[in-house]
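All remarks here apply to the structure that follows.
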Amino acid sequence: MQVKMSEYLTAVKPDMQRLIGLLKKEFAYVSVLCTDVTGTTYLVGQRQTSVGDYGFNERGFVVRVYENSCYMEYSFNEYEEIEELAAKITGTLKKELSAMEALGMEKMEAPLIHEEKMEKTMSGEIGEDPMAVSPEEILARLKKISDTGAAGKFVIDFRVAAQFAHVNKLFLSEKKDLMQTYAFAEGMAAAIGADGEKQDMIFRGFSGLKGAELLDEIGGTVDELLKLLDEKLHADPVVPGMYDVITAPEVTGLIAHEAFGHGVEMDMFVKERALAKEYLGKKVASDITSMKDGAASAAEVSSYLFDDEGTLGTDTTIIENGTLVTGISDLLSALRLGTAPTGNGKRESFERKAYTRMTNTFFTAGENTLDEMIASIKEGYLLEGAQSGMEDPKHWGIQCMVSMGREIKDGKLTGKVVGPLTLTGYVPDLLKSITMRSEKVELFGTGACGKGYKEWVKVSDGGPYLKCKVRLG
Amino acid sequence: MDKLYEILERSGASDFLIRETTTCSREAFFIGRKLDMGRAKEVCHTFVTVYVDSEDGKFRGSATKEIHPSSTQEEIEHEIQAALFAAKFVKNPWYPVVTGTRAEVAEKSASDLDEALIRIIKTLQAVRTETDEKVNSCEVFVNQKKTRIRNSRGVDVSFSGSDCQTELVINVEKDGHEIELLREICFSAEDAARVTEEAKKLFLSGHDRLNAKPTTQQEHGTILLTGDDVAEFFRYFTAHSNAYNQYMGVAKARIGEKMTGEEADPLTIRLVPEMEGSTRKEPYDSDGNPVKERLLFEDGVCRNFWGSTQHAYYMKMDHTTSMNNMIVSGGDLSEAELRKIPHLEITEFSCFDMDPVSGSFGGEIRLGYESDGKTRQSVTGGSLSGNYGKILKNMKFSKETRQINNFIVPCAVLLEDVSIAGC
């Protein structure tokens, strides 16, 4: 089905166009991003059920203006008279800027945004409309999965969640009139269990530009999760050291995201916080390694027509055959660097600043089978289950928390499992150690990405199975 | 809110709760010492929770929706009916909502947000740097919030507050090699000087990181945690004494039982509603329940749980509280005495990760110091992996404590038998 545009945004559009007209009398550039994101989260466990808003729901506006060589922004979510609103925005932003100018501080000058006339709309498609499925049915289907999982050995609780999001955005400026609506779904199944004193949890995420059909996917993984829980509960600690490893697609995605995705966010180039700036056009990875990012690179939770600054999404090749080709960029960073924006200006919500952020980030596929990759390792691990990670663009360090590793000896899986694991390393060493890639790319869009310790946005990441060398602890 | 309250009263809900927060903010973003962008914000968020009881009164379902200030009466009624419909199918054991509190906490005089912002910017501008040091970038957020909570059982409380947040990134350079460190600092408006103190500490750490050697591998190492992650380390104990985790069956603390080993320092943890310099001062939690003082652990023995009204009822607790601020008492030895034990001190992680379910903790080491008890060498790289199952038996912490926003915790925590992946 085709996703329908928010009636609210359609209704407020004339008001916002008037607001731009009024503010243009005061400022050299004015834009307004209007957001209306709705959705519901359903969570079912053995002991508790909950229904609530999707975590990224929002409805509001952010105005960006250009004043005295500086961009200023105002976020709000209610208004009555447009003239009154325009006066309030003008007064508030001019007062704040003049108070800072009175301190005699210099400004990081930014060129004025020049836009070409553009009118575009986008309406996404999903399978089964989640709004047409009763909460009773959704909760019943999730309960059935939870009950099946809860009957498993060692299980304390088996939690299942489904989230359905409907994103609507309208970007207006003097020359741009952009509207987009799309929907996606996220799901999660988590088995929590204990054996003696040892307690642990294992989970699987599901996501995509999908609707209620996602519920079928969640139900199909119960047996696999119970097996994984058993293995994780009885995993041994790893002996710290450097190992040949094969990363499962979700771990590959975590590496793509943390190792190089954050490292090529070009607002970090402006701040001299990214080592990658010095490596453009240089080898940073093995010859077989290529990596992409972009709202137009894949169909996942961060696939859109335009970003939160009104720049159209693109398909960016970051690494091509081992060479760093380009970074990804928001609009203001691109203006300062003299480069083209790549449609990566994203906000946590209308209430927050736009930064350069990833969209769908992944390593591209190769030609090896997983069996060939396992057979090529004398001593190492197959790493599964991405938990969390942290970027370090300035020093090209990497931290990835991984759920478990399956021991490989003499080209065969031994059945022994270690975990949890902390994967660390120096990014170029890791990327240059990539020697094999499997044939299929998988993307994962559950969870959220932060910048430092805040500014959470939806992203997806992934790739094929990769063979490389990393430090495990 | 009155219009919304009236709609909810006639909606058929068994009970309902409204939580409305208005936030006004000023924000400034700097690259180096230059202004990158200024921002202002004025937003109002209203969340409604509706409760629906089963006919036999054994079950209570709920659903929560945000009602936007721009919503029409028709939209509000539609959203509430949709929430009520969904809540009917949520079958949780019955629990009560908070009853009868009516209070308007005296509104703190709302200061001019621009003035508050300028005061912090001036503090940041006053941060002195040597020729090999620089402030790379920083972000400043000044927030004023006003909250009102009402429910169907007579709760009607309102309170206001303000807080500030700074993300500070610094660089230190030596022989053409530059490193960076990042610190997110949350502080109350009256405590802006904390930014200067943190900046000083960051620059010192930066110099040490420039001179750091690779971390040595140890399969059974002893570490001294001294950075801000000490607060996250102790969050394990509040997680295990939390009523939600208790009810879910994943918490290990038991009332009257000791959670730490006989050789461990006595662990005493208290929750307190207010703490000078903390950004957390809300007098009521999101259910409208007053936030109170509560002893969670005394000499390692769990004395009380804490948490939401719903889970407190399930756990048969007479009364409960939410957490604003936590105080962990100091241990038996001084920090100087702990430092005499050979150890790896870790002050900066890329991201300290603590999983209360499995008890595993760790992270990549950005800055540490290897010490034989007498000498000290800064190190970097590699990672820490540990598990509370192993370290609870004999963990030690310093007599001295320090404040990290809403936590007062021992300055140093000594943990044995952890794994260090060197590099």
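Labeling convention for the structure tokens: chains A, B, ... as they appear, residues from 1 per chain, ligands from 1 in order of appearance.
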Near-Ile255 of chain A list (12 Å; only C-alpha atoms; drop same-chain fewer than 4 positions) as a compact mmCIF listing (two decimals) with N, CA, C and O atoms, in the first residue's frame:
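As written to disk, out34.txt reads:
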```txt
# COMPACT_ATOMS: atom_id res chain seq x y z
N THR A 247 33.25 -11.77 10.50
CA THR A 247 32.19 -10.99 11.14
C THR A 247 30.87 -11.28 10.44
O THR A 247 30.78 -11.19 9.21
N ALA A 248 29.86 -11.67 11.21
CA ALA A 248 28.52 -11.85 10.65
C ALA A 248 28.00 -10.49 10.19
O ALA A 248 28.48 -9.45 10.67
N PRO A 249 27.03 -10.45 9.27
CA PRO A 249 26.60 -9.16 8.68
C PRO A 249 26.26 -8.08 9.71
O PRO A 249 26.56 -6.90 9.49
N GLU A 250 25.66 -8.45 10.87
CA GLU A 250 25.32 -7.41 11.85
C GLU A 250 26.57 -6.85 12.51
O GLU A 250 26.61 -5.67 12.87
N VAL A 251 27.61 -7.68 12.66
CA VAL A 251 28.88 -7.20 13.23
C VAL A 251 29.62 -6.39 12.16
O VAL A 251 30.23 -5.35 12.45
N ALA A 259 33.68 2.16 12.68
CA ALA A 259 35.05 2.31 12.22
C ALA A 259 35.18 3.44 11.21
O ALA A 259 36.08 4.26 11.31
N PHE A 260 34.27 3.46 10.26
CA PHE A 260 34.49 4.44 9.21
C PHE A 260 33.32 5.37 8.96
O PHE A 260 33.49 6.48 8.46
N GLY A 261 32.12 4.95 9.31
CA GLY A 261 30.95 5.82 9.10
C GLY A 261 31.10 7.12 9.87
O GLY A 261 31.08 8.22 9.30
N HIS A 262 31.29 7.02 11.19
CA HIS A 262 31.47 8.23 12.00
C HIS A 262 32.71 9.00 11.55
O HIS A 262 32.74 10.23 11.60
N GLY A 263 33.72 8.26 11.12
CA GLY A 263 34.99 8.88 10.75
C GLY A 263 34.93 9.76 9.52
O GLY A 263 35.83 10.57 9.29
N MET A 291 32.79 0.60 0.51
CA MET A 291 31.78 0.91 1.51
C MET A 291 30.90 2.06 1.03
O MET A 291 31.38 2.99 0.38
N THR A 361 24.50 2.47 6.01
CA THR A 361 25.96 2.37 5.84
C THR A 361 26.35 0.90 5.77
O THR A 361 26.00 0.13 6.66
N PHE A 362 27.10 0.56 4.73
CA PHE A 362 27.41 -0.87 4.59
C PHE A 362 28.64 -1.12 3.71
O PHE A 362 28.97 -0.33 2.84
N PHE A 363 29.30 -2.24 3.99
CA PHE A 363 30.34 -2.75 3.11
C PHE A 363 29.65 -3.51 1.98
O PHE A 363 28.61 -4.16 2.20
N LEU A 383 32.28 -14.12 14.54
CA LEU A 383 31.67 -13.18 15.50
C LEU A 383 30.21 -12.92 15.14
O LEU A 383 29.90 -12.55 14.01
N ALA A 386 25.73 -8.07 17.24
CA ALA A 386 26.26 -6.73 17.53
C ALA A 386 25.49 -6.14 18.70
O ALA A 386 24.27 -6.17 18.71
N GLN A 387 26.21 -5.64 19.70
CA GLN A 387 25.54 -5.06 20.86
C GLN A 387 25.60 -3.54 20.86
O GLN A 387 24.60 -2.86 20.90
N SER A 388 26.82 -2.99 20.84
CA SER A 388 26.95 -1.53 20.83
C SER A 388 28.36 -1.18 20.36
O SER A 388 29.23 -2.05 20.27
N GLY A 389 28.59 0.11 20.11
CA GLY A 389 29.91 0.51 19.67
C GLY A 389 30.16 1.96 19.99
O GLY A 389 29.28 2.68 20.46
N MET A 390 31.40 2.39 19.77
CA MET A 390 31.75 3.79 20.01
C MET A 390 32.79 4.23 19.00
O MET A 390 33.73 3.50 18.72
N GLU A 391 32.57 5.44 18.47
CA GLU A 391 33.47 5.95 17.44
C GLU A 391 34.65 6.70 18.04
O GLU A 391 34.61 7.12 19.19
N TRP A 396 41.06 7.15 15.02
CA TRP A 396 40.73 5.93 14.30
C TRP A 396 40.82 4.69 15.18
O TRP A 396 41.27 3.63 14.76
N GLY A 397 40.39 4.87 16.42
CA GLY A 397 40.20 3.70 17.28
C GLY A 397 38.81 3.16 17.04
O GLY A 397 37.96 3.81 16.43
N ILE A 398 38.56 1.97 17.49
CA ILE A 398 37.22 1.40 17.36
C ILE A 398 36.90 0.54 18.57
O ILE A 398 37.78 -0.16 19.09
N GLN A 399 35.68 0.63 19.04
CA GLN A 399 35.19 -0.25 20.10
C GLN A 399 33.86 -0.82 19.66
O GLN A 399 32.93 -0.07 19.36
N CYS A 400 33.77 -2.15 19.59
CA CYS A 400 32.50 -2.80 19.28
C CYS A 400 32.25 -3.88 20.32
O CYS A 400 33.14 -4.70 20.58
N MET A 401 31.08 -3.86 20.94
CA MET A 401 30.72 -4.91 21.88
C MET A 401 29.95 -5.97 21.09
O MET A 401 28.94 -5.66 20.45
N VAL A 402 30.47 -7.21 21.14
CA VAL A 402 29.91 -8.29 20.33
C VAL A 402 29.42 -9.40 21.26
O VAL A 402 30.07 -9.72 22.26
N LEU A 423 35.61 -5.87 20.86
CA LEU A 423 36.45 -5.84 19.65
C LEU A 423 37.07 -4.44 19.56
O LEU A 423 36.35 -3.43 19.58
N THR A 424 38.38 -4.38 19.53
CA THR A 424 39.05 -3.09 19.41
C THR A 424 40.12 -3.17 18.32
O THR A 424 40.49 -4.26 17.88
N GLY A 425 40.61 -2.01 17.93
CA GLY A 425 41.67 -2.01 16.93
C GLY A 425 41.89 -0.63 16.36
O GLY A 425 41.19 0.32 16.72
N TYR A 426 42.87 -0.55 15.46
CA TYR A 426 43.16 0.68 14.75
C TYR A 426 42.48 0.54 13.39
O TYR A 426 42.72 -0.45 12.65
N VAL A 427 41.61 1.47 13.05
CA VAL A 427 40.71 1.30 11.91
C VAL A 427 41.44 0.91 10.60
O VAL A 427 41.05 -0.07 9.96
N PRO A 428 42.50 1.64 10.18
CA PRO A 428 43.15 1.24 8.92
C PRO A 428 43.72 -0.17 8.98
O PRO A 428 43.68 -0.90 7.98
N LEU A 430 42.49 -2.65 10.66
CA LEU A 430 41.35 -3.56 10.52
C LEU A 430 40.88 -3.61 9.06
O LEU A 430 40.70 -4.68 8.48
N LEU A 431 40.72 -2.42 8.45
CA LEU A 431 40.18 -2.39 7.08
C LEU A 431 41.16 -2.99 6.07
O LEU A 431 40.76 -3.60 5.08
N ILE A 434 41.04 -6.89 5.67
CA ILE A 434 39.88 -7.57 5.07
C ILE A 434 40.35 -8.33 3.82
O ILE A 434 40.84 -7.72 2.87
N ASP A 461 22.70 -0.31 9.19
CA ASP A 461 24.06 -0.65 8.74
C ASP A 461 24.14 -2.14 8.50
O ASP A 461 23.26 -2.90 8.90
N GLY A 462 25.19 -2.55 7.81
CA GLY A 462 25.32 -3.98 7.52
C GLY A 462 26.43 -4.26 6.53
O GLY A 462 27.40 -3.51 6.43
N GLY A 463 26.24 -5.34 5.79
CA GLY A 463 27.25 -5.75 4.83
C GLY A 463 27.23 -7.25 4.68
O GLY A 463 26.29 -7.92 5.12
N PRO A 464 28.25 -7.82 4.08
CA PRO A 464 28.34 -9.27 3.96
C PRO A 464 29.12 -9.84 5.15
O PRO A 464 29.54 -9.08 6.04
N TYR A 465 29.37 -11.14 5.18
CA TYR A 465 30.36 -11.70 6.10
C TYR A 465 31.73 -11.19 5.63
O TYR A 465 32.01 -11.17 4.43
N LEU A 466 32.55 -10.73 6.57
CA LEU A 466 33.90 -10.26 6.23
C LEU A 466 34.92 -11.10 6.96
O LEU A 466 34.72 -11.44 8.13
N CYS A 468 38.58 -10.73 8.50
CA CYS A 468 39.58 -9.71 8.83
C CYS A 468 40.31 -10.10 10.12
O CYS A 468 40.10 -11.19 10.65
N VAL A 470 41.26 -8.80 14.04
CA VAL A 470 40.91 -7.82 15.07
C VAL A 470 41.47 -8.25 16.43
O VAL A 470 41.87 -9.40 16.61
```
Output as an NGL selection string the set of chain B residues within 6 Å of chain A, with distances taken over only C-alpha atoms.
:B and (34-43 or 63-65 or 69-70 or 86 or 89-90 or 92 or 114 or 357-358 or 364 or 421)
Expected file: the selected residues, N, CA and C atoms, as a PDB file, in the first residue's frame:
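Dumped to part.pdb:
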```
ATOM      1  N   LYS B  34      35.058  30.168  18.071  1.00  0.00           N
ATOM      2  CA  LYS B  34      34.174  30.922  17.173  1.00  0.00           C
ATOM      3  C   LYS B  34      32.748  30.376  17.224  1.00  0.00           C
ATOM      4  N   LEU B  35      31.790  31.289  17.153  1.00  0.00           N
ATOM      5  CA  LEU B  35      30.378  30.896  17.183  1.00  0.00           C
ATOM      6  C   LEU B  35      29.995  30.213  15.873  1.00  0.00           C
ATOM      7  N   ASP B  36      29.462  29.002  15.987  1.00  0.00           N
ATOM      8  CA  ASP B  36      29.028  28.232  14.816  1.00  0.00           C
ATOM      9  C   ASP B  36      27.538  28.459  14.568  1.00  0.00           C
ATOM     10  N   MET B  37      26.745  28.382  15.632  1.00  0.00           N
ATOM     11  CA  MET B  37      25.291  28.544  15.490  1.00  0.00           C
ATOM     12  C   MET B  37      24.658  28.847  16.844  1.00  0.00           C
ATOM     13  N   GLY B  38      23.587  29.613  16.830  1.00  0.00           N
ATOM     14  CA  GLY B  38      22.789  29.825  18.042  1.00  0.00           C
ATOM     15  C   GLY B  38      21.412  29.240  17.805  1.00  0.00           C
ATOM     16  N   ARG B  39      20.820  28.744  18.862  1.00  0.00           N
ATOM     17  CA  ARG B  39      19.475  28.167  18.730  1.00  0.00           C
ATOM     18  C   ARG B  39      18.611  28.552  19.925  1.00  0.00           C
ATOM     19  N   ALA B  40      17.316  28.591  19.699  1.00  0.00           N
ATOM     20  CA  ALA B  40      16.364  28.810  20.789  1.00  0.00           C
ATOM     21  C   ALA B  40      15.213  27.836  20.608  1.00  0.00           C
ATOM     22  N   LYS B  41      14.560  27.520  21.712  1.00  0.00           N
ATOM     23  CA  LYS B  41      13.492  26.511  21.643  1.00  0.00           C
ATOM     24  C   LYS B  41      12.398  26.830  22.645  1.00  0.00           C
ATOM     25  N   GLU B  42      11.170  26.673  22.240  1.00  0.00           N
ATOM     26  CA  GLU B  42      10.051  26.750  23.180  1.00  0.00           C
ATOM     27  C   GLU B  42       9.050  25.683  22.763  1.00  0.00           C
ATOM     28  N   VAL B  43       8.985  24.627  23.554  1.00  0.00           N
ATOM     29  CA  VAL B  43       8.114  23.501  23.186  1.00  0.00           C
ATOM     30  C   VAL B  43       7.317  23.025  24.392  1.00  0.00           C
ATOM     31  N   ALA B  63      -2.200   2.519  28.073  1.00  0.00           N
ATOM     32  CA  ALA B  63      -1.546   2.950  26.832  1.00  0.00           C
ATOM     33  C   ALA B  63      -1.213   4.425  26.986  1.00  0.00           C
ATOM     34  N   THR B  64      -0.053   4.811  26.464  1.00  0.00           N
ATOM     35  CA  THR B  64       0.410   6.198  26.603  1.00  0.00           C
ATOM     36  C   THR B  64       0.517   6.844  25.229  1.00  0.00           C
ATOM     37  N   LYS B  65       0.003   8.059  25.114  1.00  0.00           N
ATOM     38  CA  LYS B  65       0.062   8.802  23.844  1.00  0.00           C
ATOM     39  C   LYS B  65       0.483  10.231  24.113  1.00  0.00           C
ATOM     40  N   PRO B  69       0.176  19.947  21.210  1.00  0.00           N
ATOM     41  CA  PRO B  69      -0.541  21.197  21.503  1.00  0.00           C
ATOM     42  C   PRO B  69      -1.340  21.693  20.308  1.00  0.00           C
ATOM     43  N   SER B  70      -0.953  21.247  19.113  1.00  0.00           N
ATOM     44  CA  SER B  70      -1.656  21.693  17.908  1.00  0.00           C
ATOM     45  C   SER B  70      -2.889  20.837  17.616  1.00  0.00           C
ATOM     46  N   ALA B  86      -6.602   0.215  22.631  1.00  0.00           N
ATOM     47  CA  ALA B  86      -5.382  -0.602  22.736  1.00  0.00           C
ATOM     48  C   ALA B  86      -5.192  -1.094  24.169  1.00  0.00           C
ATOM     49  N   PHE B  89      -6.552  -4.449  25.621  1.00  0.00           N
ATOM     50  CA  PHE B  89      -5.928  -5.739  25.322  1.00  0.00           C
ATOM     51  C   PHE B  89      -4.595  -5.941  26.047  1.00  0.00           C
ATOM     52  N   VAL B  90      -4.256  -4.986  26.890  1.00  0.00           N
ATOM     53  CA  VAL B  90      -3.028  -5.105  27.693  1.00  0.00           C
ATOM     54  C   VAL B  90      -3.444  -5.678  29.042  1.00  0.00           C
ATOM     55  N   ASN B  92      -2.188  -6.608  32.250  1.00  0.00           N
ATOM     56  CA  ASN B  92      -1.233  -6.668  33.357  1.00  0.00           C
ATOM     57  C   ASN B  92      -1.998  -6.816  34.664  1.00  0.00           C
ATOM     58  N   ASP B 114      18.931  34.134  27.995  1.00  0.00           N
ATOM     59  CA  ASP B 114      20.093  34.686  27.281  1.00  0.00           C
ATOM     60  C   ASP B 114      21.203  35.023  28.266  1.00  0.00           C
ATOM     61  N   VAL B 357      22.025  -7.299  33.262  1.00  0.00           N
ATOM     62  CA  VAL B 357      21.444  -8.648  33.142  1.00  0.00           C
ATOM     63  C   VAL B 357      22.533  -9.716  33.236  1.00  0.00           C
ATOM     64  N   SER B 358      23.572  -9.575  32.425  1.00  0.00           N
ATOM     65  CA  SER B 358      24.640 -10.589  32.431  1.00  0.00           C
ATOM     66  C   SER B 358      25.711 -10.269  33.467  1.00  0.00           C
ATOM     67  N   GLU B 364      36.783  -0.077  25.616  1.00  0.00           N
ATOM     68  CA  GLU B 364      38.121   0.236  25.103  1.00  0.00           C
ATOM     69  C   GLU B 364      38.776   1.282  26.010  1.00  0.00           C
ATOM     70  N   ALA B 421      42.759  -6.802  27.599  1.00  0.00           N
ATOM     71  CA  ALA B 421      43.338  -7.104  26.285  1.00  0.00           C
ATOM     72  C   ALA B 421      44.321  -5.982  25.971  1.00  0.00           C
TER      73      ALA B 421
END
```
Quick one: residues within 8 Å of segment 213-215 of chain B, only C-alpha atoms, excluding same-chain residues fewer than 2 positions away - as a PyMOL selection string?
chain B and resi 211+217+368+370+377-382+421-423
Go ahead and write the residues just picked, N, CA, C and O atoms, as a PDB file, in the first residue's frame.
```
ATOM      1  N   ASN B 211      51.561  11.014  26.041  1.00  0.00           N
ATOM      2  CA  ASN B 211      52.770  10.305  26.474  1.00  0.00           C
ATOM      3  C   ASN B 211      52.503   8.833  26.792  1.00  0.00           C
ATOM      4  O   ASN B 211      53.338   8.164  27.394  1.00  0.00           O
ATOM      5  N   GLN B 217      48.848  -6.567  28.286  1.00  0.00           N
ATOM      6  CA  GLN B 217      47.810  -7.594  28.417  1.00  0.00           C
ATOM      7  C   GLN B 217      47.865  -8.291  29.774  1.00  0.00           C
ATOM      8  O   GLN B 217      48.946  -8.609  30.267  1.00  0.00           O
ATOM      9  N   GLY B 368      44.760   5.168  30.567  1.00  0.00           N
ATOM     10  CA  GLY B 368      44.957   4.474  31.834  1.00  0.00           C
ATOM     11  C   GLY B 368      46.355   4.725  32.344  1.00  0.00           C
ATOM     12  O   GLY B 368      47.178   5.400  31.688  1.00  0.00           O
ATOM     13  N   GLU B 370      49.461   2.443  34.310  1.00  0.00           N
ATOM     14  CA  GLU B 370      49.936   1.206  34.931  1.00  0.00           C
ATOM     15  C   GLU B 370      50.822   1.590  36.105  1.00  0.00           C
ATOM     16  O   GLU B 370      51.710   2.443  35.978  1.00  0.00           O
ATOM     17  N   GLN B 377      52.799   4.953  34.834  1.00  0.00           N
ATOM     18  CA  GLN B 377      53.026   5.217  33.412  1.00  0.00           C
ATOM     19  C   GLN B 377      51.681   5.250  32.698  1.00  0.00           C
ATOM     20  O   GLN B 377      50.886   4.319  32.814  1.00  0.00           O
ATOM     21  N   SER B 378      51.428   6.332  31.957  1.00  0.00           N
ATOM     22  CA  SER B 378      50.152   6.390  31.234  1.00  0.00           C
ATOM     23  C   SER B 378      50.158   5.402  30.076  1.00  0.00           C
ATOM     24  O   SER B 378      51.190   5.180  29.426  1.00  0.00           O
ATOM     25  N   VAL B 379      48.987   4.796  29.828  1.00  0.00           N
ATOM     26  CA  VAL B 379      48.835   3.806  28.756  1.00  0.00           C
ATOM     27  C   VAL B 379      47.551   4.084  27.998  1.00  0.00           C
ATOM     28  O   VAL B 379      46.640   4.749  28.508  1.00  0.00           O
ATOM     29  N   THR B 380      47.466   3.549  26.799  1.00  0.00           N
ATOM     30  CA  THR B 380      46.244   3.687  26.002  1.00  0.00           C
ATOM     31  C   THR B 380      46.079   2.467  25.104  1.00  0.00           C
ATOM     32  O   THR B 380      47.056   1.766  24.816  1.00  0.00           O
ATOM     33  N   GLY B 381      44.827   2.218  24.679  1.00  0.00           N
ATOM     34  CA  GLY B 381      44.545   1.090  23.784  1.00  0.00           C
ATOM     35  C   GLY B 381      44.174  -0.166  24.550  1.00  0.00           C
ATOM     36  O   GLY B 381      44.281  -0.233  25.765  1.00  0.00           O
ATOM     37  N   GLY B 382      43.698  -1.164  23.793  1.00  0.00           N
ATOM     38  CA  GLY B 382      43.252  -2.402  24.422  1.00  0.00           C
ATOM     39  C   GLY B 382      41.903  -2.214  25.099  1.00  0.00           C
ATOM     40  O   GLY B 382      41.250  -1.172  24.947  1.00  0.00           O
ATOM     41  N   ALA B 421      42.759  -6.802  27.599  1.00  0.00           N
ATOM     42  CA  ALA B 421      43.338  -7.104  26.285  1.00  0.00           C
ATOM     43  C   ALA B 421      44.321  -5.982  25.971  1.00  0.00           C
ATOM     44  O   ALA B 421      43.921  -4.835  25.805  1.00  0.00           O
ATOM     45  N   GLY B 422      45.590  -6.307  25.950  1.00  0.00           N
ATOM     46  CA  GLY B 422      46.596  -5.278  25.684  1.00  0.00           C
ATOM     47  C   GLY B 422      46.731  -5.004  24.206  1.00  0.00           C
ATOM     48  O   GLY B 422      45.964  -5.496  23.394  1.00  0.00           O
ATOM     49  N   CYS B 423      47.728  -4.194  23.863  1.00  0.00           N
ATOM     50  CA  CYS B 423      47.920  -3.915  22.435  1.00  0.00           C
ATOM     51  C   CYS B 423      49.408  -3.675  22.150  1.00  0.00           C
ATOM     52  O   CYS B 423      50.204  -3.624  23.053  1.00  0.00           O
TER      53      CYS B 423
END
```
Can you pull out every residue from segment 310-395 of chain A that DSSP, working from the backbone, puts in helix (DSSP H, G or I), and format the result as a list in words?
Leu331, Leu332, Ser333, Ala334, Leu335, Arg336, Leu337, Leu370, Asp371, Glu372, Met373, Ile374 and Ala375 of chain A
Looking only at strand (DSSP E or B) from DSSP on the backbone, list the matching residues of segment 222-398 of chain A as a ChimeraX atom specification.
/A:236,241-247,265,283,291-293,306,312,316-320,323-324,328,345-346,355-356,360-363,368,379-390,397-398
All residues 6 Å or closer to Thr342 of chain A, only C-alpha atoms, same chain fewer than 6 positions away omitted, as a PyMOL selection string
chain A and resi 314+328-329
Skip His78 of chain B itself and residues of its chain fewer than 3 positions away, then list as number ranges by chain all residues within 12 Å of it, counting only C-alpha atoms.
B: 7-8, 11, 65, 67, 71-75, 81-85
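Our summary of the geometry notes that atom CA of Arg235 of chain B is positioned 24.0 Å from atom CA of Phe158 of chain A.
Atom CA of Val459 of chain A lies 8.9 Å from atom CA of Ser303 of chain A.
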Tell me which protein, DNA and RNA residues are within 10 Å of His311 of chain B, counting only C-alpha atoms, leaving out same-chain ones fewer than 6 positions away, and put them as a PyMOL selection string.
chain B and resi 95+242-248+317+320
Test item: residues at most 6 Å from Val157 of chain B, only C-alpha atoms, excluding those fewer than 2 positions along its chain, as a list in words:
Arg102, Ala103, Glu104, Arg148 and Ile149 of chain B
Restricting it to C-alpha atoms, dump the selection as a PDB file, in the first residue's frame.
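Saved as again_30.pdb:
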```pdb
ATOM      1  CA  ARG B 102      -1.883  18.366  45.457  1.00  0.00           C
ATOM      2  CA  ALA B 103       1.022  20.759  45.504  1.00  0.00           C
ATOM      3  CA  GLU B 104       2.539  23.558  43.557  1.00  0.00           C
ATOM      4  CA  ARG B 148       2.520  19.687  35.766  1.00  0.00           C
ATOM      5  CA  ILE B 149       1.195  16.225  36.578  1.00  0.00           C
TER       6      ILE B 149
END
```
May I ask which of the residues B:Gly256, B:Pro266, B:Gly277, B:Gly373 is the closest one to Asn304 of chain B, counting only C-alpha atoms?
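Between B:Gly256, B:Pro266, B:Gly277, B:Gly373, the residue approaching Asn304 of chain B most closely is B:Gly256.
Computed from the coordinates, the atom CA of Glu186 of chain A to atom CA of Glu300 of chain A distance equals 10.4 Å.
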Which residue gives the smallest distance to Glu257 of chain B among B:Gly300, B:Gly386, B:Pro356, B:Gly362, with only C-alpha atoms counted?
B:Gly300
